[in-house]
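J.: Got a file for you: coords_10.txt, compact mmCIF, C-alpha atoms and all ligand atoms.
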# COMPACT_ATOMS: atom_id res chain seq x y z
CA MET E 231 0.00 0.00 0.00
CA HIS E 232 1.03 3.62 -0.47
CA LEU E 233 1.29 5.62 2.75
CA MET E 234 1.53 9.36 3.16
CA VAL E 235 3.55 9.96 6.32
CA VAL E 236 2.97 13.50 7.57
CA GLY E 237 5.91 14.59 9.69
CA GLY E 238 7.84 11.62 8.31
CA ALA E 239 11.22 13.37 8.41
CA GLY E 240 11.08 13.65 12.21
CA TYR E 241 12.32 11.31 14.89
CA ILE E 242 9.43 8.85 15.18
CA GLY E 243 8.27 9.47 11.61
CA SER E 244 11.59 8.51 10.04
CA HIS E 245 11.85 5.28 12.03
CA THR E 246 8.28 4.45 10.99
CA VAL E 247 9.07 5.17 7.34
CA ARG E 248 11.87 2.66 7.58
CA GLN E 249 9.62 -0.02 9.08
CA LEU E 250 6.89 0.65 6.49
CA LEU E 251 9.37 0.18 3.66
CA GLY E 252 10.62 -3.00 5.35
CA ALA E 253 7.03 -4.28 5.42
CA GLY E 254 6.81 -3.76 1.65
CA HIS E 255 4.86 -0.49 1.52
CA ARG E 256 5.50 2.61 -0.59
CA VAL E 257 5.91 5.91 1.22
CA THR E 258 5.49 9.60 0.44
CA VAL E 259 6.52 11.97 3.23
CA LEU E 260 4.94 15.39 3.76
CA ASP E 261 6.98 17.53 6.14
CA ASN E 262 7.73 21.24 6.57
CA LEU E 263 11.28 20.32 7.68
CA SER E 264 10.98 22.69 10.67
CA SER E 265 12.37 20.00 12.91
CA GLY E 266 12.68 17.02 10.55
CA HIS E 267 15.68 16.11 8.43
CA ARG E 268 15.76 15.21 4.75
CA GLU E 269 18.74 12.97 5.47
CA ALA E 270 16.63 10.87 7.81
CA LEU E 271 14.76 9.56 4.75
CA PRO E 272 15.93 6.86 2.37
CA GLY E 273 16.40 7.91 -1.27
CA GLU E 274 13.37 5.99 -2.54
CA VAL E 275 10.97 8.06 -0.44
CA ALA E 276 9.26 11.00 -2.17
CA LEU E 277 9.34 14.14 -0.03
CA ILE E 278 6.74 16.91 -0.34
CA VAL E 279 7.80 19.99 1.62
CA ALA E 280 4.56 21.58 2.83
CA ASP E 281 3.08 23.01 5.99
CA LEU E 282 -0.08 21.92 7.78
CA LEU E 283 -1.08 25.57 8.05
CA ASP E 284 -1.35 25.71 4.23
CA PRO E 285 -4.63 23.94 3.29
CA PRO E 286 -4.29 24.34 -0.51
CA ALA E 287 -0.84 22.72 -0.33
CA LEU E 288 -2.29 19.82 1.67
CA ARG E 289 -5.09 19.23 -0.83
CA ALA E 290 -2.61 19.40 -3.72
CA ALA E 291 -0.29 16.93 -1.99
CA LEU E 292 -3.08 14.43 -1.36
CA GLN E 293 -4.35 14.79 -4.91
CA SER E 294 -0.93 14.31 -6.47
CA ALA E 295 0.30 11.49 -4.20
CA GLN E 296 -3.04 9.57 -4.07
CA PRO E 297 -2.13 7.65 -0.89
CA ASP E 298 -4.14 4.68 0.37
CA ALA E 299 -3.72 5.83 3.98
CA VAL E 300 -2.11 8.56 6.07
CA ILE E 301 -0.04 8.49 9.27
CA HIS E 302 0.08 11.87 11.00
CA PHE E 303 3.09 12.68 13.22
CA ALA E 304 3.61 16.38 12.55
CA ALA E 305 3.40 18.39 15.77
CA LEU E 306 5.21 20.50 18.31
CA ILE E 307 6.05 18.16 21.17
CA GLU E 308 7.64 19.93 24.13
CA VAL E 309 5.67 20.10 27.35
CA SER E 310 7.59 23.03 28.82
CA GLU E 311 7.58 25.07 25.60
CA SER E 312 3.83 24.51 25.34
CA MET E 313 3.40 26.13 28.74
CA ARG E 314 5.30 29.21 27.59
CA SER E 315 3.76 29.42 24.09
CA PRO E 316 0.33 27.77 24.17
CA GLY E 317 -0.81 29.70 21.09
CA ARG E 318 1.87 28.12 18.92
CA TYR E 319 0.87 24.68 20.19
CA TYR E 320 -2.82 25.12 19.54
CA GLN E 321 -2.18 26.61 16.13
CA ASN E 322 0.32 24.00 14.96
CA ASN E 323 -1.13 20.93 16.59
CA VAL E 324 -4.86 21.64 16.53
CA THR E 325 -5.35 23.91 13.51
CA GLY E 326 -2.69 22.02 11.55
CA SER E 327 -4.35 18.65 12.22
CA LEU E 328 -7.79 20.06 11.48
CA ASN E 329 -6.51 21.32 8.13
CA LEU E 330 -5.09 17.90 7.33
CA PHE E 331 -8.30 16.04 8.24
CA GLN E 332 -10.40 18.50 6.26
CA ALA E 333 -8.10 18.07 3.25
CA ILE E 334 -8.41 14.28 3.54
CA VAL E 335 -12.20 14.47 3.73
CA ASP E 336 -12.28 16.90 0.78
CA THR E 337 -10.01 14.81 -1.44
CA ARG E 338 -9.53 11.11 -0.62
CA LYS E 339 -11.29 9.86 2.49
CA VAL E 340 -8.47 7.47 3.41
CA PRO E 341 -7.81 5.94 6.84
CA ILE E 342 -5.52 7.83 9.20
CA VAL E 343 -3.39 6.91 12.21
CA PHE E 344 -2.83 9.83 14.58
CA SER E 345 0.07 10.35 17.02
CA SER E 346 -1.34 11.19 20.39
CA THR E 347 0.34 11.09 23.76
CA ALA E 348 0.22 9.87 27.32
CA ALA E 349 0.11 13.56 28.22
CA VAL E 350 -3.66 13.43 27.53
CA TYR E 351 -4.05 11.54 30.82
CA GLY E 352 -2.30 14.14 32.98
CA GLU E 353 -2.49 13.27 36.64
CA ALA E 354 -4.18 9.93 36.06
CA GLY E 355 -4.62 8.33 39.47
CA ALA E 356 -4.10 4.71 38.52
CA ALA E 357 -0.95 3.12 37.18
CA PRO E 358 -0.69 1.44 34.78
CA ILE E 359 -3.09 3.69 32.85
CA PRO E 360 -5.76 2.07 30.66
CA GLU E 361 -7.10 3.87 27.58
CA ASP E 362 -10.41 4.69 29.26
CA ALA E 363 -8.77 6.46 32.22
CA ALA E 364 -9.88 10.04 32.85
CA LYS E 365 -8.26 12.60 30.57
CA ALA E 366 -6.91 15.60 32.48
CA PRO E 367 -3.90 17.04 30.64
CA THR E 368 -1.53 19.16 32.72
CA SER E 369 0.04 20.97 29.75
CA SER E 370 -1.07 22.85 26.65
CA TYR E 371 0.72 20.16 24.66
CA GLY E 372 -1.47 17.45 26.23
CA HIS E 373 -4.60 19.56 25.72
CA SER E 374 -3.72 20.16 22.07
CA LYS E 375 -3.47 16.41 21.42
CA LEU E 376 -6.70 15.66 23.28
CA MET E 377 -8.50 18.29 21.19
CA VAL E 378 -7.30 16.60 18.02
CA GLU E 379 -8.61 13.27 19.31
CA GLN E 380 -12.01 14.96 19.70
CA ILE E 381 -11.83 16.40 16.18
CA LEU E 382 -11.15 12.91 14.85
CA ARG E 383 -14.15 11.53 16.73
CA ASP E 384 -16.37 14.17 15.18
CA PHE E 385 -14.93 13.62 11.68
CA GLY E 386 -15.44 9.88 12.15
CA VAL E 387 -19.12 10.40 12.96
CA ALA E 388 -19.86 13.15 10.44
CA HIS E 389 -17.73 12.05 7.49
CA GLY E 390 -17.06 8.36 8.12
CA LEU E 391 -13.32 9.04 8.30
CA PRO E 392 -11.64 5.83 9.57
CA TYR E 393 -8.96 6.50 12.20
CA THR E 394 -6.84 5.02 14.96
CA VAL E 395 -5.19 6.98 17.78
CA LEU E 396 -1.87 5.83 19.24
CA ARG E 397 -1.02 7.38 22.60
CA TYR E 398 2.72 7.23 23.03
CA PHE E 399 4.44 7.10 26.35
CA ASN E 400 8.14 8.18 26.45
CA VAL E 401 9.79 7.42 23.16
CA CYS E 402 13.53 6.86 23.12
CA GLY E 403 16.35 4.91 21.49
CA ALA E 404 17.48 4.83 17.89
CA ALA E 405 17.66 2.44 14.95
CA PRO E 406 20.14 -0.27 16.03
CA ASP E 407 22.35 0.39 12.98
CA HIS E 408 22.60 3.99 14.33
CA THR E 409 21.97 5.62 10.95
CA ILE E 410 18.95 7.58 12.24
CA GLY E 411 18.08 8.78 15.72
CA GLU E 412 16.82 11.64 17.85
CA ASP E 413 17.82 15.16 16.74
CA HIS E 414 15.40 17.90 17.82
CA PRO E 415 16.21 21.60 17.43
CA ASN E 416 15.61 22.08 21.18
CA LYS E 417 16.90 19.30 23.36
CA THR E 418 14.57 18.58 26.26
CA HIS E 419 14.21 14.80 26.41
CA LEU E 420 15.84 13.12 29.34
CA ILE E 421 17.85 10.38 27.62
CA GLU E 422 19.00 12.58 24.74
CA LEU E 423 20.11 15.33 27.15
CA ALA E 424 21.94 12.84 29.36
CA LEU E 425 23.83 11.35 26.42
CA LEU E 426 24.78 14.79 25.09
CA THR E 427 26.04 15.56 28.59
CA ALA E 428 28.13 12.38 28.43
CA LEU E 429 29.58 13.68 25.16
CA GLY E 430 30.65 16.86 26.96
CA GLN E 431 28.10 19.13 25.25
CA ARG E 432 26.55 20.04 28.60
CA GLN E 433 28.07 20.22 32.02
CA LYS E 434 25.53 18.40 34.13
CA MET E 435 22.10 16.84 34.35
CA PHE E 436 19.29 18.28 36.39
CA VAL E 437 16.74 16.02 38.01
CA ASN E 438 13.57 18.07 37.48
CA GLY E 439 11.84 17.72 40.82
CA THR E 440 12.68 15.34 43.64
CA ASP E 441 9.55 15.81 45.76
CA TYR E 442 7.01 13.97 43.63
CA PRO E 443 4.87 11.27 45.26
CA THR E 444 6.94 8.50 43.61
CA PRO E 445 9.29 5.91 45.18
CA ASP E 446 12.45 8.06 44.82
CA GLY E 447 10.78 11.49 44.46
CA SER E 448 11.58 11.92 40.75
CA CYS E 449 9.07 11.52 37.90
CA VAL E 450 8.28 8.05 36.59
CA ARG E 451 7.79 7.39 32.86
CA ASP E 452 7.28 4.38 30.61
CA TYR E 453 10.14 4.36 28.07
CA VAL E 454 9.26 2.71 24.75
CA HIS E 455 11.82 2.15 22.01
CA VAL E 456 11.26 4.11 18.80
CA MET E 457 11.58 0.94 16.66
CA ASP E 458 8.85 -0.75 18.67
CA LEU E 459 6.69 2.34 18.37
CA ALA E 460 7.34 2.38 14.61
CA ASP E 461 6.16 -1.24 14.44
CA ALA E 462 3.00 -0.25 16.32
CA HIS E 463 2.20 2.19 13.49
CA VAL E 464 2.70 -0.47 10.85
CA LEU E 465 0.37 -2.81 12.75
CA ALA E 466 -2.23 -0.07 13.30
CA ILE E 467 -2.41 1.18 9.72
CA GLN E 468 -2.44 -2.32 8.25
CA ALA E 469 -5.28 -3.31 10.59
CA LEU E 470 -7.30 -0.17 9.86
CA VAL E 471 -6.93 -0.47 6.09
CA GLY E 472 -7.74 -4.18 6.44
CA GLY E 473 -11.12 -3.32 7.95
CA ALA E 474 -10.46 -3.30 11.70
CA ALA E 475 -12.79 -1.17 13.80
CA SER E 476 -12.26 2.57 13.50
CA ALA E 477 -12.22 5.09 16.36
CA GLN E 478 -9.90 3.04 18.57
CA ALA E 479 -7.22 4.50 20.86
CA TYR E 480 -4.23 2.44 21.96
CA ASN E 481 -1.55 3.11 24.54
CA VAL E 482 1.94 2.36 23.29
CA GLY E 483 4.30 1.66 26.16
CA LEU E 484 5.90 -1.30 27.90
CA GLY E 485 3.75 -1.29 31.01
CA HIS E 486 6.47 -0.53 33.52
CA GLY E 487 8.02 2.74 34.58
CA PHE E 488 11.44 4.07 35.48
CA SER E 489 12.18 7.18 37.51
CA VAL E 490 14.42 9.99 36.28
CA ARG E 491 17.07 8.79 38.73
CA GLN E 492 16.84 5.21 37.43
CA VAL E 493 17.19 6.41 33.84
CA LEU E 494 20.27 8.44 34.76
CA ASP E 495 21.72 5.37 36.51
CA ALA E 496 21.18 3.36 33.31
CA VAL E 497 22.90 6.09 31.28
CA ASP E 498 25.87 6.08 33.68
CA GLU E 499 26.13 2.32 33.26
CA VAL E 500 26.01 2.39 29.44
CA VAL E 501 28.38 5.34 29.12
CA GLY E 502 30.78 3.97 31.72
CA THR E 503 31.25 7.17 33.73
CA PRO E 504 28.82 8.87 36.10
CA LEU E 505 27.36 12.17 34.91
CA THR E 506 27.34 15.15 37.23
CA ARG E 507 23.82 15.31 38.58
CA GLU E 508 22.02 18.12 40.34
CA GLU E 509 18.61 18.22 41.93
CA GLY E 510 16.49 20.97 40.37
CA PRO E 511 12.93 22.29 40.67
CA ARG E 512 9.89 20.67 39.13
CA ARG E 513 9.30 21.36 35.43
CA PRO E 514 5.87 22.98 34.90
CA GLY E 515 3.35 20.63 33.31
CA ASP E 516 5.03 17.36 34.36
CA PRO E 517 2.71 14.77 35.93
CA PRO E 518 4.43 12.61 38.60
CA SER E 519 3.90 9.27 36.89
CA LEU E 520 2.84 8.04 33.44
CA VAL E 521 2.94 4.28 32.94
CA ALA E 522 0.94 2.55 30.20
CA ASP E 523 -1.36 -0.38 30.41
CA PRO E 524 -0.49 -1.68 26.92
CA GLY E 525 -2.82 -4.71 27.17
CA LYS E 526 -5.21 -3.49 24.47
CA ILE E 527 -2.64 -3.00 21.70
CA MET E 528 -0.90 -6.25 22.63
CA ALA E 529 -4.18 -8.20 22.43
CA GLU E 530 -5.82 -6.50 19.46
CA LEU E 531 -2.89 -5.51 17.23
CA LYS E 532 -0.42 -8.15 18.46
CA PHE E 533 2.05 -5.47 19.50
CA ALA E 534 5.11 -7.26 20.91
CA PRO E 535 7.92 -4.86 21.88
CA ARG E 536 11.42 -6.19 21.25
CA PHE E 537 13.31 -3.65 23.35
CA THR E 538 12.30 -4.31 26.94
CA ASP E 539 15.60 -3.71 28.73
CA LEU E 540 16.30 -0.07 29.68
CA GLY E 541 20.07 -0.53 29.33
CA GLU E 542 19.66 -1.93 25.81
CA ILE E 543 17.32 0.93 24.87
CA VAL E 544 19.80 3.51 26.16
CA LYS E 545 22.63 1.70 24.32
CA THR E 546 20.93 2.18 20.92
CA ALA E 547 20.54 5.90 21.67
CA TRP E 548 24.16 6.12 22.83
CA ASP E 549 25.40 4.47 19.61
CA TRP E 550 23.47 7.07 17.59
CA HIS E 551 24.70 10.07 19.59
CA ARG E 552 28.34 9.01 19.86
CA THR E 553 28.50 8.40 16.10
CA HIS E 554 26.51 11.61 15.34
CA PRO E 555 27.48 13.96 18.19
CA HIS E 556 25.87 16.90 16.41
CA GLY E 557 22.97 14.94 14.93
CA PHE E 558 22.16 15.07 11.25
CA GLU E 559 24.33 17.26 9.07
CA SER E 560 21.43 19.33 7.73
N1 LIG V 1 13.81 15.46 32.94
C1 LIG V 1 14.78 15.74 33.88
N2 LIG V 1 15.92 16.36 33.47
C2 LIG V 1 16.12 16.72 32.17
C3 LIG V 1 15.12 16.40 31.21
C4 LIG V 1 13.97 15.78 31.62
O1 LIG V 1 14.63 15.47 35.07
O2 LIG V 1 17.18 17.29 31.88
C5 LIG V 1 12.57 14.81 33.38
C6 LIG V 1 11.30 15.54 32.98
O3 LIG V 1 11.02 16.62 33.86
C7 LIG V 1 10.28 14.41 33.05
C8 LIG V 1 11.10 13.20 32.59
O4 LIG V 1 12.47 13.56 32.74
O5 LIG V 1 9.90 14.18 34.39
C9 LIG V 1 10.85 12.86 31.13
O6 LIG V 1 10.92 14.07 30.40
P1 LIG V 1 11.07 14.12 28.83
O7 LIG V 1 11.20 15.56 28.45
O8 LIG V 1 12.14 13.19 28.39
O9 LIG V 1 9.69 13.52 28.28
P2 LIG V 1 8.15 13.92 28.57
O10 LIG V 1 7.74 13.07 29.75
O11 LIG V 1 8.09 15.38 28.83
O12 LIG V 1 7.45 13.52 27.32
Mind turning the file's structure into structure tokens?
T.:
Amino acid sequence: MHLMVVGGAGYIGSHTVRQLLGAGHRVTVLDNLSSGHREALPGEVALIVADLLDPPALRAALQSAQPDAVIHFAALIEVSESMRSPGRYYQNNVTGSLNLFQAIVDTRKVPIVFSSTAAVYGEAGAAPIPEDAAKAPTSSYGHSKLMVEQILRDFGVAHGLPYTVLRYFNVCGAAPDHTIGEDHPNKTHLIELALLTALGQRQKMFVNGTDYPTPDGSCVRDYVHVMDLADAHVLAIQALVGGAASAQAYNVGLGHGFSVRQVLDAVDEVVGTPLTREEGPRRPGDPPSLVADPGKIMAELKFAPRFTDLGEIVKTAWDWHRTHPHGFES
């Protein structure tokens, strides 16, 4: 099948493109290259440079590419930035997605898989979190993604648009051959920052908050490897196009959490020298704990993560960063 991968030049998008090609599909990427990298895409992938805030360009892209299905990754993704600039987040993530869905409905009403986030749950009481847990985002980023989920529900009812929502927990790691990996313009993710600190690009790591109601006081997250997450997209789009029920949401995580301190311990172990660590204040918008209940995706889509060891996950990221200390060349 021919997939249009929107935001396919980004971190998760580019790993998914690779897995889609490996599964025998054809791929066209649509990306504005604001944070994605052309080099992250194999030569056989067609790239359309366009912005989600440009509806005529979206309609033209869908009409020229004629995809059988769409996977939508393109978004701003930083919790703390979203708290400082909520307008940018609502415009890019909500208006941009709305434009894309409207363009799909106006041109080719093809199935779509949407990248959502564990941040939609916010301070969910229970752990692990099932898909039907209360949604109470603590950041504008989380709110923006939850709004897009609502838009999809309405488009599903009104226009019969088939869709699946994947709610990612904390994505990390890199392709094991370390040819692609994480390279965001602003570095905020824990593992990436720690590894860049190990490379001497930063002096020390801050533990953002040590007074959370968690076993060691630092935030707990469920770290899922980007290759496993990419496989989840392949499973989801194949199922949806194959006639599986629309309007489903799936958590994508491993089902167990690690604290910030535990992640930094794993980084120290992989890198071989302890990083300088300092305890800092809480980061606005961070819920104390986000751990998936991934039972639904495992049962219904046969999701079977291959990277279940934190040290191994960190090792793939380390191999990417030490071989590409400044990321992609472009
Ligand atoms: N974090 C930290 N120090 C850092 C970067 C992140 O303590 O230098 C914490 C962050 O506050 C959160 C956790 O690590 O509790 C995971 O943050 P990340 O930005 O990697 O992912 P998010 O959970 O925001 O998607």
J.: Pick out the closest residue to E:Leu396 from this set: E:Leu540, E:Val464, E:Ala428, E:Leu330. Count all atoms listed in the file.
T.: E:Val464
J.: Got a sec to check which residues lie within 6 Å of ligand LIG 1 (chain V), using all atoms listed in the file, and send them as a list in words?
T.: Val309, Asn400, Thr418, His419, Leu420, Leu423, Met435, Phe436, Val437, Asn438, Cys449, Val490, Arg513 and Asp516 of chain E
J.: (5.4, -3.2, 4.3) in this file's frame - what residues fall within 10 Å of it? Use all atoms listed in the file and give the answer as a PyMOL selection string.
T.: chain E and resi 231-233+247-257+464-465+468
J.: In Å, how far is it from atom CA of E:Ile359 to atom CA of E:Ile381?
T.: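 Atom-to-atom, atom CA of E:Ile359 to atom CA of E:Ile381, that is 22.7 Å.
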J.: Calculate how many Å separate atom CA of E:Thr538 from atom CA of E:Pro518, rounding to one decimal.
T.: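 Atom CA of E:Pro518 lies at a distance of 22.0 Å from atom CA of E:Thr538.
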J.: What's the separation between atom CA of E:Asp261 and atom CA of E:Asp407, in Å to one decimal place?
T.: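 According to the coordinates, atom CA of E:Asp261 and atom CA of E:Asp407 are separated by 24.0 Å.
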J.: For E:Phe331, which of E:Pro272, E:Pro367, E:Pro285, E:Pro316 is the closest residue, counting all atoms listed in the file?
T.: E:Pro285
J.: For E:Ala366, find every residue with an atom within 7 Å (counting all atoms listed in the file), except residues of its own chain fewer than 6 positions away, and show them as number ranges by chain.
T.: E: 350-353
J.: Please identify all polymer residues within 7 Å of E:Val275, counting all atoms listed in the file, omitting same-chain residues fewer than 4 positions from it, and present them as number ranges by chain.
T.: E: 257-259, 271
J.: Given the selection you just returned, output its residues as a file containing C-alpha atoms, formatted as a short mmCIF file (atom, residue, chain, number, x, y, z; two decimals), in the frame of the given file.
T.:
data_model
loop_
_atom_site.label_atom_id
_atom_site.label_comp_id
_atom_site.auth_asym_id
_atom_site.auth_seq_id
_atom_site.Cartn_x
_atom_site.Cartn_y
_atom_site.Cartn_z
CA VAL E 257 5.91 5.91 1.22
CA THR E 258 5.49 9.60 0.44
CA VAL E 259 6.52 11.97 3.23
CA LEU E 271 14.76 9.56 4.75
#
J.: Can I get stretch 420-431 of chain E with N, CA and C atoms filled in, as a PDB file, in the frame of the given file?
T.:
ATOM      1  N   LEU E 420      14.918  13.552  28.297  1.00  0.00           N
ATOM      2  CA  LEU E 420      15.840  13.120  29.340  1.00  0.00           C
ATOM      3  C   LEU E 420      17.030  12.318  28.799  1.00  0.00           C
ATOM      4  N   ILE E 421      16.753  11.274  28.041  1.00  0.00           N
ATOM      5  CA  ILE E 421      17.850  10.380  27.620  1.00  0.00           C
ATOM      6  C   ILE E 421      18.772  11.102  26.640  1.00  0.00           C
ATOM      7  N   GLU E 422      18.177  11.846  25.702  1.00  0.00           N
ATOM      8  CA  GLU E 422      19.000  12.580  24.740  1.00  0.00           C
ATOM      9  C   GLU E 422      19.898  13.587  25.472  1.00  0.00           C
ATOM     10  N   LEU E 423      19.317  14.334  26.416  1.00  0.00           N
ATOM     11  CA  LEU E 423      20.110  15.330  27.150  1.00  0.00           C
ATOM     12  C   LEU E 423      21.237  14.665  27.935  1.00  0.00           C
ATOM     13  N   ALA E 424      20.921  13.523  28.555  1.00  0.00           N
ATOM     14  CA  ALA E 424      21.940  12.840  29.360  1.00  0.00           C
ATOM     15  C   ALA E 424      23.090  12.366  28.473  1.00  0.00           C
ATOM     16  N   LEU E 425      22.766  11.858  27.293  1.00  0.00           N
ATOM     17  CA  LEU E 425      23.830  11.350  26.420  1.00  0.00           C
ATOM     18  C   LEU E 425      24.653  12.497  25.834  1.00  0.00           C
ATOM     19  N   LEU E 426      24.007  13.628  25.563  1.00  0.00           N
ATOM     20  CA  LEU E 426      24.780  14.790  25.090  1.00  0.00           C
ATOM     21  C   LEU E 426      25.660  15.332  26.218  1.00  0.00           C
ATOM     22  N   THR E 427      25.202  15.178  27.447  1.00  0.00           N
ATOM     23  CA  THR E 427      26.040  15.560  28.590  1.00  0.00           C
ATOM     24  C   THR E 427      27.250  14.625  28.659  1.00  0.00           C
ATOM     25  N   ALA E 428      27.015  13.345  28.423  1.00  0.00           N
ATOM     26  CA  ALA E 428      28.130  12.380  28.430  1.00  0.00           C
ATOM     27  C   ALA E 428      29.146  12.701  27.339  1.00  0.00           C
ATOM     28  N   LEU E 429      28.665  13.310  26.252  1.00  0.00           N
ATOM     29  CA  LEU E 429      29.580  13.680  25.160  1.00  0.00           C
ATOM     30  C   LEU E 429      30.262  15.025  25.428  1.00  0.00           C
ATOM     31  N   GLY E 430      29.974  15.619  26.583  1.00  0.00           N
ATOM     32  CA  GLY E 430      30.650  16.860  26.960  1.00  0.00           C
ATOM     33  C   GLY E 430      29.977  18.102  26.413  1.00  0.00           C
ATOM     34  N   GLN E 431      28.767  17.951  25.829  1.00  0.00           N
ATOM     35  CA  GLN E 431      28.100  19.130  25.250  1.00  0.00           C
ATOM     36  C   GLN E 431      27.346  19.936  26.299  1.00  0.00           C
TER      37      GLN E 431
END
